[in-house]
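Colleague: Structure below; questions to follow.
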Number of protein chains: 2
Amino acid sequence: MGLRERKKAETRAALSWAAIRLTVERGYEALRVEDIAAAAGVSPRTFNNYFSSKAEAITSRHLDRLVRFAAEVRRRPPAEPLWDALAGAALAGFEPGPEVIAHPVPDPVQWAAGLRVMVSEPALQGEMLRAGAAARDEIAAAVAERTGTDAAIDLYPHLVAAAVLAVVDTVTTHHLRTGASAPVERLLTEGFAMVAAGLPEPR
Amino acid sequence: MGLRERKKAETRAALSWAAIRLTVERGYEALRVEDIAAAAGVSPRTFNNYFSSKAEAITSRHLDRLVRFAAEVRRRPPAEPLWDALAGAALAGFEPGPEVIAHPVPDPVQWAAGLRVMVSEPALQGEMLRAGAAARDEIAAAVAERTGTDAAIDLYPHLVAAAVLAVVDTVTTHHLRTGASAPVERLLTEGFAMVAAGLPEPR
DNA sequence: CGAAACATTGCGGGTCACGCAATTACTGCG
DNA sequence: CGCAGTAATTGCGTGACCCGCAATGTTTCG
């Protein structure tokens, strides 16, 4: 990777990260695109060369994570049962990456509160979900590959992809809603188990 | 319902319907809010009293349908198995209502083509999904009521709601993608059956 | 080293969402 | 019936956003 591409990736990451951090700190409405650009050290116009909207910048990390999830599903040994692979890939995606360890959040409590405010922002919800939809095709393709189905004609791989995203989504929402009363890992495992069991009525 | 409320509902419906029709005819980008307002016979400013965005106007019927779905789930006899009730409610929601019969689409083929273009519009995808998310809580509450779970603490009802929406979403997308090669009713039935069976690997 | 490819930036235009205040229309009560 | 209160519609003005375009500077590659 040449200097050019590296700088581009850095700028993109800086913009995205600044967008998230500032949104958590000040709220979505109060945040101007101008501020994000300033925090990343580029002009406002450049911001729009990387992201076509404020919301997209904020949710781009979410999309990245989902794309990595799809890649991880592909990476798993083909012999592994499908749902084990899916649950495993999801759990792997929630381990804090090296960049999070390098730049830890200053105040976790305040951060979580800001996150809650952020995800309740209408404009961001739509964009988040859109990122999920974009990743869905990728995941469906990975599932199709594993199961010998055809994403172009079979309903199955798309249904699995949608179900997986539904689990991840529901779990994270639930985790935030209940104030992190249960660890994400446990909720994820439970969620995948329930879906794989057909979500039978309890009792 | 007094004259006031009726006119309000009419204006709302007229705006929403005009927004959909014009989007299908001309495309999302080319359509100005001004045009929608004109087609509904109100001022552009009034449009924003009813809907806070072009996208919201277009997707409002989708949201209505999902809310009716939740109501239908509540209406079903409590003795009915959960997944039968969910599938039944979904199927009921796809029967054409009286207003569709009264105002049929002029050219179904062209209409379907326009719909495909419409749902591929990024801004609308987000808003559609947001409508789904809004309805999710409603559905989760209905499911919680039926199953004796608690939407405030249990993961189960939310997971079921998300899964149901995933099925409906996937089926409609698949239906459009494959050019209506299979009837929606059959796809829906299949989808619900697969999910209720835990989406086992085929073969 | 030189040319081509590419990123960044400023400028300008078109659109959009919304607060505010005035006008008009409906509602319910005496 | 009339009247006061409540609510809906509208025009205007503002701030923000997204993007096309062209100029400038930087990296890449032959």
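Quick note on naming: the chains in the structure tokens go A, B, ... in the order shown, residues restart at 1 in each chain, and ligands are numbered from 1 in order of appearance.
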For the interface of chain C with chain B (cut-off 12 Å, counting only C-alpha atoms (C1' of nucleotides)), please tabulate each contacting residue of chain C alongside its nearest pair of atoms and their separation in Å to one decimal, rows sorted by chain and increasing number, as JSON lines.
Modeller:
{"residue": "C:DG14", "atom": "C1'", "partner": "B:Arg32", "partner_atom": "CA", "distance": 11.0}
{"residue": "C:DT15", "atom": "C1'", "partner": "B:Arg32", "partner_atom": "CA", "distance": 8.4}
{"residue": "C:DC16", "atom": "C1'", "partner": "B:Ser53", "partner_atom": "CA", "distance": 8.4}
{"residue": "C:DA17", "atom": "C1'", "partner": "B:Ser52", "partner_atom": "CA", "distance": 7.1}
{"residue": "C:DC18", "atom": "C1'", "partner": "B:Asn48", "partner_atom": "CA", "distance": 8.4}
{"residue": "C:DG19", "atom": "C1'", "partner": "B:Arg45", "partner_atom": "CA", "distance": 12.0}
{"residue": "C:DA25", "atom": "C1'", "partner": "B:Arg4", "partner_atom": "CA", "distance": 9.2}
{"residue": "C:DC26", "atom": "C1'", "partner": "B:Arg4", "partner_atom": "CA", "distance": 6.5}
{"residue": "C:DT27", "atom": "C1'", "partner": "B:Gly2", "partner_atom": "CA", "distance": 8.9}
{"residue": "C:DG28", "atom": "C1'", "partner": "B:Gly2", "partner_atom": "CA", "distance": 11.9}
Colleague: Restricting the output to N, CA and C atoms (P, O5', C5', C4', C3', O3' and C1' of nucleotides), write the selected residues as a CSV table (one decimal), in the first residue's frame.
Modeller:
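The new file result07.csv reads:
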chain,number,residue,atom,x,y,z
C,14,DG,P,-29.5,27.3,-9.0
C,14,DG,O5',-30.3,26.0,-8.3
C,14,DG,C5',-29.8,24.7,-8.6
C,14,DG,C4',-30.3,23.8,-7.5
C,14,DG,C3',-31.7,24.0,-7.0
C,14,DG,O3',-32.4,22.8,-7.1
C,14,DG,C1',-30.2,24.0,-5.2
C,15,DT,P,-33.9,22.7,-6.8
C,15,DT,O5',-34.0,22.0,-5.4
C,15,DT,C5',-33.2,20.9,-5.1
C,15,DT,C4',-33.1,20.6,-3.7
C,15,DT,C3',-34.5,20.7,-3.0
C,15,DT,O3',-34.9,19.4,-2.6
C,15,DT,C1',-32.8,21.7,-1.7
C,16,DC,P,-36.3,19.0,-2.0
C,16,DC,O5',-36.0,19.0,-0.4
C,16,DC,C5',-34.7,18.5,0.0
C,16,DC,C4',-34.4,18.8,1.4
C,16,DC,C3',-35.7,18.8,2.3
C,16,DC,O3',-35.4,18.0,3.4
C,16,DC,C1',-34.4,20.8,2.6
C,17,DA,P,-36.7,17.3,4.2
C,17,DA,O5',-36.6,18.1,5.6
C,17,DA,C5',-35.5,17.9,6.4
C,17,DA,C4',-35.5,18.9,7.5
C,17,DA,C3',-36.8,19.0,8.3
C,17,DA,O3',-36.4,19.0,9.7
C,17,DA,C1',-36.2,21.2,7.5
C,18,DC,P,-37.6,18.8,10.8
C,18,DC,O5',-37.7,20.3,11.4
C,18,DC,C5',-36.5,21.0,11.8
C,18,DC,C4',-36.9,22.5,12.0
C,18,DC,C3',-38.2,22.8,12.7
C,18,DC,O3',-37.9,23.6,13.8
C,18,DC,C1',-38.0,24.1,10.8
C,19,DG,P,-38.8,23.5,15.2
C,19,DG,O5',-38.6,25.0,15.7
C,19,DG,C5',-37.4,25.7,15.6
C,19,DG,C4',-37.6,27.2,15.5
C,19,DG,C3',-38.8,27.7,16.3
C,19,DG,O3',-38.4,28.9,17.0
C,19,DG,C1',-39.1,28.2,14.0
C,25,DA,P,-61.3,30.5,5.8
C,25,DA,O5',-61.5,29.2,6.7
C,25,DA,C5',-60.6,28.1,6.5
C,25,DA,C4',-60.8,27.2,7.7
C,25,DA,C3',-62.3,26.8,8.0
C,25,DA,O3',-62.4,25.4,8.1
C,25,DA,C1',-61.2,27.5,10.0
C,26,DC,P,-63.9,24.8,8.1
C,26,DC,O5',-64.0,24.2,9.5
C,26,DC,C5',-63.2,23.1,9.8
C,26,DC,C4',-63.0,22.9,11.4
C,26,DC,C3',-64.3,22.4,12.1
C,26,DC,O3',-64.0,21.2,12.7
C,26,DC,C1',-63.4,24.3,13.2
C,27,DT,P,-65.1,20.4,13.5
C,27,DT,O5',-65.1,20.9,14.9
C,27,DT,C5',-63.9,20.9,15.7
C,27,DT,C4',-64.2,21.3,17.1
C,27,DT,C3',-65.5,20.8,17.7
C,27,DT,O3',-65.2,20.1,18.9
C,27,DT,C1',-65.3,23.1,17.9
C,28,DG,P,-66.4,19.2,19.6
C,28,DG,O5',-66.6,19.9,21.0
C,28,DG,C5',-65.6,20.7,21.5
C,28,DG,C4',-66.1,21.7,22.5
C,28,DG,C3',-67.4,21.3,23.2
C,28,DG,O3',-67.4,21.7,24.6
C,28,DG,C1',-67.8,23.2,22.1
Colleague: Residues at most 12 Å from D:DC29, counting only C-alpha atoms (C1' of nucleotides), excluding those fewer than 2 positions away in the same chain, as number ranges by chain?
Modeller: C: 1-5; D: 27
Colleague: Got time to write the residues from that selection, C-alpha atoms (C1' of nucleotides), as a compact mmCIF listing (two decimals), in the first residue's frame?
Modeller:
# COMPACT_ATOMS: atom_id res chain seq x y z
C1' DC C 1 12.61 13.68 -14.74
C1' DG C 2 8.16 14.48 -16.72
C1' DA C 3 3.44 13.44 -17.44
C1' DA C 4 -0.59 11.46 -15.86
C1' DA C 5 -3.52 10.38 -12.06
C1' DT D 27 1.88 11.23 -5.40
Colleague: Within 8 Å of chain A, which residues of chain B show up? Give each one with its shortest atom-to-atom distance in Å (one decimal) and the two atoms involved, counting only C-alpha atoms, rows by chain then rising residue number, as a tab-separated table.
Modeller:
residue	atom	partner	partner_atom	distance
B:Leu82	CA	A:Glu201	CA	6.9
B:Pro122	CA	A:Arg130	CA	7.6
B:Gln125	CA	A:Arg130	CA	6.4
B:Gly126	CA	A:Gly126	CA	4.2
B:Glu127	CA	A:Gly126	CA	5.5
B:Met128	CA	A:Gly126	CA	7.9
B:Leu129	CA	A:Leu129	CA	6.1
B:Arg130	CA	A:Gly126	CA	5.0
B:Thr147	CA	A:Glu201	CA	6.5
B:Ala152	CA	A:Thr178	CA	7.8
B:Ile153	CA	A:Thr178	CA	7.2
B:Leu155	CA	A:His174	CA	7.0
B:Tyr156	CA	A:Leu199	CA	7.9
B:His158	CA	A:Thr170	CA	6.6
B:Leu159	CA	A:Thr170	CA	6.2
B:Val160	CA	A:Leu199	CA	6.8
B:Ala162	CA	A:Ala166	CA	5.5
B:Ala163	CA	A:Ala163	CA	5.8
B:Ala166	CA	A:Ala162	CA	5.5
B:Val167	CA	A:Leu159	CA	6.6
B:Thr170	CA	A:Leu159	CA	6.2
B:Val171	CA	A:Leu155	CA	7.6
B:His174	CA	A:Leu155	CA	7.0
B:Thr178	CA	A:Ile153	CA	7.2
B:Gly191	CA	A:Leu159	CA	7.4
B:Val195	CA	A:Gly198	CA	5.8
B:Ala196	CA	A:Gly198	CA	4.3
B:Ala197	CA	A:Gly198	CA	4.8
B:Gly198	CA	A:Gly198	CA	3.6
B:Leu199	CA	A:Ala196	CA	6.4
B:Pro200	CA	A:Ala196	CA	7.3
B:Glu201	CA	A:Thr147	CA	6.5
B:Pro202	CA	A:Thr147	CA	7.0
Colleague: Would you export the selected residues with N, CA and C atoms as a short mmCIF file (atom, residue, chain, number, x, y, z; two decimals), in the first residue's frame, please?
Modeller:
data_model
loop_
_atom_site.label_atom_id
_atom_site.label_comp_id
_atom_site.auth_asym_id
_atom_site.auth_seq_id
_atom_site.Cartn_x
_atom_site.Cartn_y
_atom_site.Cartn_z
N LEU B 82 -48.02 -19.56 18.85
CA LEU B 82 -47.43 -18.26 18.52
C LEU B 82 -47.08 -18.11 17.05
N PRO B 122 -31.14 4.60 -1.55
CA PRO B 122 -30.52 4.54 -0.22
C PRO B 122 -31.31 5.27 0.86
N GLN B 125 -34.34 3.27 1.81
CA GLN B 125 -34.04 2.03 2.52
C GLN B 125 -33.91 2.30 4.01
N GLY B 126 -33.13 3.30 4.34
CA GLY B 126 -32.95 3.65 5.74
C GLY B 126 -34.26 3.95 6.42
N GLU B 127 -35.07 4.72 5.77
CA GLU B 127 -36.34 5.12 6.37
C GLU B 127 -37.29 3.92 6.51
N MET B 128 -37.29 3.06 5.53
CA MET B 128 -38.10 1.83 5.58
C MET B 128 -37.71 1.01 6.82
N LEU B 129 -36.41 0.82 6.94
CA LEU B 129 -35.92 0.01 8.05
C LEU B 129 -36.23 0.67 9.38
N ARG B 130 -36.19 2.01 9.37
CA ARG B 130 -36.51 2.73 10.60
C ARG B 130 -37.96 2.51 10.99
N THR B 147 -46.91 -14.55 25.26
CA THR B 147 -46.05 -15.63 25.77
C THR B 147 -45.76 -15.50 27.25
N ALA B 152 -39.48 -5.81 29.11
CA ALA B 152 -38.50 -4.95 29.76
C ALA B 152 -37.23 -5.70 30.16
N ILE B 153 -37.35 -7.01 30.40
CA ILE B 153 -36.18 -7.74 30.86
C ILE B 153 -35.80 -8.94 30.01
N LEU B 155 -35.10 -11.19 26.66
CA LEU B 155 -34.62 -11.02 25.29
C LEU B 155 -35.63 -11.60 24.30
N TYR B 156 -36.31 -12.64 24.75
CA TYR B 156 -37.17 -13.41 23.85
C TYR B 156 -38.14 -12.61 22.97
N HIS B 158 -38.28 -9.58 22.00
CA HIS B 158 -37.60 -8.70 21.04
C HIS B 158 -36.98 -9.51 19.92
N LEU B 159 -36.45 -10.66 20.30
CA LEU B 159 -35.83 -11.53 19.31
C LEU B 159 -36.89 -12.04 18.32
N VAL B 160 -38.03 -12.41 18.84
CA VAL B 160 -39.11 -12.89 17.97
C VAL B 160 -39.56 -11.76 17.04
N ALA B 162 -37.92 -9.17 16.02
CA ALA B 162 -36.88 -8.91 15.02
C ALA B 162 -36.87 -9.99 13.96
N ALA B 163 -37.06 -11.23 14.38
CA ALA B 163 -37.05 -12.34 13.43
C ALA B 163 -38.24 -12.24 12.47
N ALA B 166 -37.59 -9.66 10.02
CA ALA B 166 -36.56 -10.14 9.10
C ALA B 166 -37.20 -11.01 8.01
N VAL B 167 -38.15 -11.84 8.41
CA VAL B 167 -38.81 -12.69 7.42
C VAL B 167 -39.59 -11.84 6.41
N THR B 170 -37.14 -9.91 4.17
CA THR B 170 -36.41 -10.77 3.24
C THR B 170 -37.32 -11.26 2.13
N VAL B 171 -38.53 -11.63 2.52
CA VAL B 171 -39.47 -12.16 1.53
C VAL B 171 -39.83 -11.10 0.50
N HIS B 174 -36.87 -10.45 -1.69
CA HIS B 174 -36.66 -11.58 -2.58
C HIS B 174 -37.71 -11.61 -3.68
N THR B 178 -36.50 -11.38 -7.55
CA THR B 178 -36.67 -12.47 -8.51
C THR B 178 -37.79 -12.17 -9.51
N GLY B 191 -40.96 -18.97 4.57
CA GLY B 191 -40.03 -18.24 5.45
C GLY B 191 -40.35 -18.46 6.92
N VAL B 195 -37.91 -20.37 9.74
CA VAL B 195 -37.46 -19.74 10.98
C VAL B 195 -37.96 -20.52 12.19
N ALA B 196 -39.21 -20.95 12.14
CA ALA B 196 -39.76 -21.70 13.26
C ALA B 196 -39.06 -23.03 13.43
N ALA B 197 -38.42 -23.50 12.37
CA ALA B 197 -37.68 -24.77 12.44
C ALA B 197 -36.22 -24.54 12.84
N GLY B 198 -35.83 -23.29 13.04
CA GLY B 198 -34.47 -23.00 13.47
C GLY B 198 -33.49 -22.84 12.33
N LEU B 199 -33.99 -22.64 11.12
CA LEU B 199 -33.13 -22.41 9.96
C LEU B 199 -32.00 -23.43 9.84
N PRO B 200 -32.34 -24.73 9.89
CA PRO B 200 -31.30 -25.76 9.80
C PRO B 200 -30.62 -25.74 8.44
N GLU B 201 -29.38 -26.17 8.42
CA GLU B 201 -28.68 -26.27 7.14
C GLU B 201 -29.43 -27.22 6.22
N PRO B 202 -29.63 -26.86 4.99
CA PRO B 202 -30.34 -27.74 4.06
C PRO B 202 -29.52 -28.99 3.77
#
Colleague: Show me, as a PDB file with all heavy atoms, in the first residue's frame, every residue of chain B with an atom at most 9 Å from chain D, counting only C-alpha atoms (C1' of nucleotides).
Modeller:
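Result file follows (out33.pdb):
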ATOM      1  N   ARG B   4     -62.740  18.041  11.413  1.00  0.00           N
ATOM      2  CA  ARG B   4     -61.340  18.404  11.554  1.00  0.00           C
ATOM      3  C   ARG B   4     -60.407  17.207  11.392  1.00  0.00           C
ATOM      4  O   ARG B   4     -59.486  17.218  10.574  1.00  0.00           O
ATOM      5  CB  ARG B   4     -61.141  19.015  12.939  1.00  0.00           C
ATOM      6  CG  ARG B   4     -60.092  20.063  12.964  1.00  0.00           C
ATOM      7  CD  ARG B   4     -60.138  20.804  14.285  1.00  0.00           C
ATOM      8  NE  ARG B   4     -59.317  21.976  14.220  1.00  0.00           N
ATOM      9  CZ  ARG B   4     -59.626  23.126  14.770  1.00  0.00           C
ATOM     10  NH1 ARG B   4     -60.773  23.265  15.401  1.00  0.00           N
ATOM     11  NH2 ARG B   4     -58.811  24.144  14.700  1.00  0.00           N
ATOM     12  N   LYS B   8     -57.857  16.048   8.303  1.00  0.00           N
ATOM     13  CA  LYS B   8     -56.437  15.831   8.597  1.00  0.00           C
ATOM     14  C   LYS B   8     -55.974  14.484   8.065  1.00  0.00           C
ATOM     15  O   LYS B   8     -54.931  14.369   7.417  1.00  0.00           O
ATOM     16  CB  LYS B   8     -56.205  15.899  10.108  1.00  0.00           C
ATOM     17  CG  LYS B   8     -55.143  16.911  10.486  1.00  0.00           C
ATOM     18  CD  LYS B   8     -54.824  16.881  11.957  1.00  0.00           C
ATOM     19  CE  LYS B   8     -53.323  16.801  12.123  1.00  0.00           C
ATOM     20  NZ  LYS B   8     -52.861  17.131  13.467  1.00  0.00           N
ATOM     21  N   VAL B  42     -51.840  21.250  -1.094  1.00  0.00           N
ATOM     22  CA  VAL B  42     -51.488  22.053   0.084  1.00  0.00           C
ATOM     23  C   VAL B  42     -50.176  22.781  -0.176  1.00  0.00           C
ATOM     24  O   VAL B  42     -49.528  22.555  -1.198  1.00  0.00           O
ATOM     25  CB  VAL B  42     -51.347  21.183   1.353  1.00  0.00           C
ATOM     26  CG1 VAL B  42     -52.668  20.527   1.707  1.00  0.00           C
ATOM     27  CG2 VAL B  42     -50.248  20.154   1.163  1.00  0.00           C
ATOM     28  N   SER B  43     -49.811  23.641   0.738  1.00  0.00           N
ATOM     29  CA  SER B  43     -48.565  24.385   0.577  1.00  0.00           C
ATOM     30  C   SER B  43     -47.379  23.516   0.981  1.00  0.00           C
ATOM     31  O   SER B  43     -47.528  22.582   1.773  1.00  0.00           O
ATOM     32  CB  SER B  43     -48.582  25.643   1.437  1.00  0.00           C
ATOM     33  OG  SER B  43     -48.166  25.337   2.743  1.00  0.00           O
ATOM     34  N   PRO B  44     -46.216  23.819   0.442  1.00  0.00           N
ATOM     35  CA  PRO B  44     -45.024  23.048   0.811  1.00  0.00           C
ATOM     36  C   PRO B  44     -44.780  23.049   2.313  1.00  0.00           C
ATOM     37  O   PRO B  44     -44.369  22.035   2.880  1.00  0.00           O
ATOM     38  CB  PRO B  44     -43.901  23.789   0.083  1.00  0.00           C
ATOM     39  CG  PRO B  44     -44.564  24.443  -1.075  1.00  0.00           C
ATOM     40  CD  PRO B  44     -45.939  24.811  -0.616  1.00  0.00           C
ATOM     41  N   ARG B  45     -45.076  24.175   2.924  1.00  0.00           N
ATOM     42  CA  ARG B  45     -44.866  24.247   4.368  1.00  0.00           C
ATOM     43  C   ARG B  45     -45.744  23.248   5.111  1.00  0.00           C
ATOM     44  O   ARG B  45     -45.337  22.652   6.108  1.00  0.00           O
ATOM     45  CB  ARG B  45     -45.154  25.666   4.854  1.00  0.00           C
ATOM     46  CG  ARG B  45     -44.892  25.856   6.328  1.00  0.00           C
ATOM     47  CD  ARG B  45     -43.435  25.621   6.633  1.00  0.00           C
ATOM     48  NE  ARG B  45     -43.131  25.679   8.049  1.00  0.00           N
ATOM     49  CZ  ARG B  45     -43.325  24.686   8.885  1.00  0.00           C
ATOM     50  NH1 ARG B  45     -43.844  23.555   8.437  1.00  0.00           N
ATOM     51  NH2 ARG B  45     -43.003  24.800  10.142  1.00  0.00           N
ATOM     52  N   THR B  46     -46.937  23.074   4.639  1.00  0.00           N
ATOM     53  CA  THR B  46     -47.869  22.154   5.291  1.00  0.00           C
ATOM     54  C   THR B  46     -47.374  20.713   5.204  1.00  0.00           C
ATOM     55  O   THR B  46     -47.587  19.914   6.115  1.00  0.00           O
ATOM     56  CB  THR B  46     -49.268  22.265   4.662  1.00  0.00           C
ATOM     57  OG1 THR B  46     -49.753  23.581   4.876  1.00  0.00           O
ATOM     58  CG2 THR B  46     -50.224  21.275   5.274  1.00  0.00           C
TER      59      THR B  46
END
Colleague: Can you pull out every residue within 9 Å of B:Ile20, counting only C-alpha atoms (C1' of nucleotides), but drop anything in the same chain fewer than 2 positions away, and send it as a list of chain:residue names?
Modeller: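 Selected residues are B:Leu15, B:Ser16, B:Trp17, B:Ala18, B:Leu22, B:Thr23, B:Val24, B:Glu25, B:Ala57, B:Ile58, B:Thr59, B:Met118.
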Colleague: In Å, how far is it from atom CA of B:Ala144 to atom CA of B:Thr172?
Modeller: 25.7 Å
Colleague: Between A:Asp64, A:Ala55, A:Arg6, A:Ala13, which residue has the minimum interatomic distance to A:Ala39, considering only C-alpha atoms?
Modeller: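 Counting only C-alpha atoms, the residue closest to A:Ala39 is A:Ala13.
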Colleague: When DSSP is applied to the backbone of this structure, which of stretch 56-163 of chain B are assigned alpha helix (DSSP H)? Write them out as a PyMOL selection string.
Modeller: chain B and resi 56-75+82-93+98-102+108-119+122-147+156-163
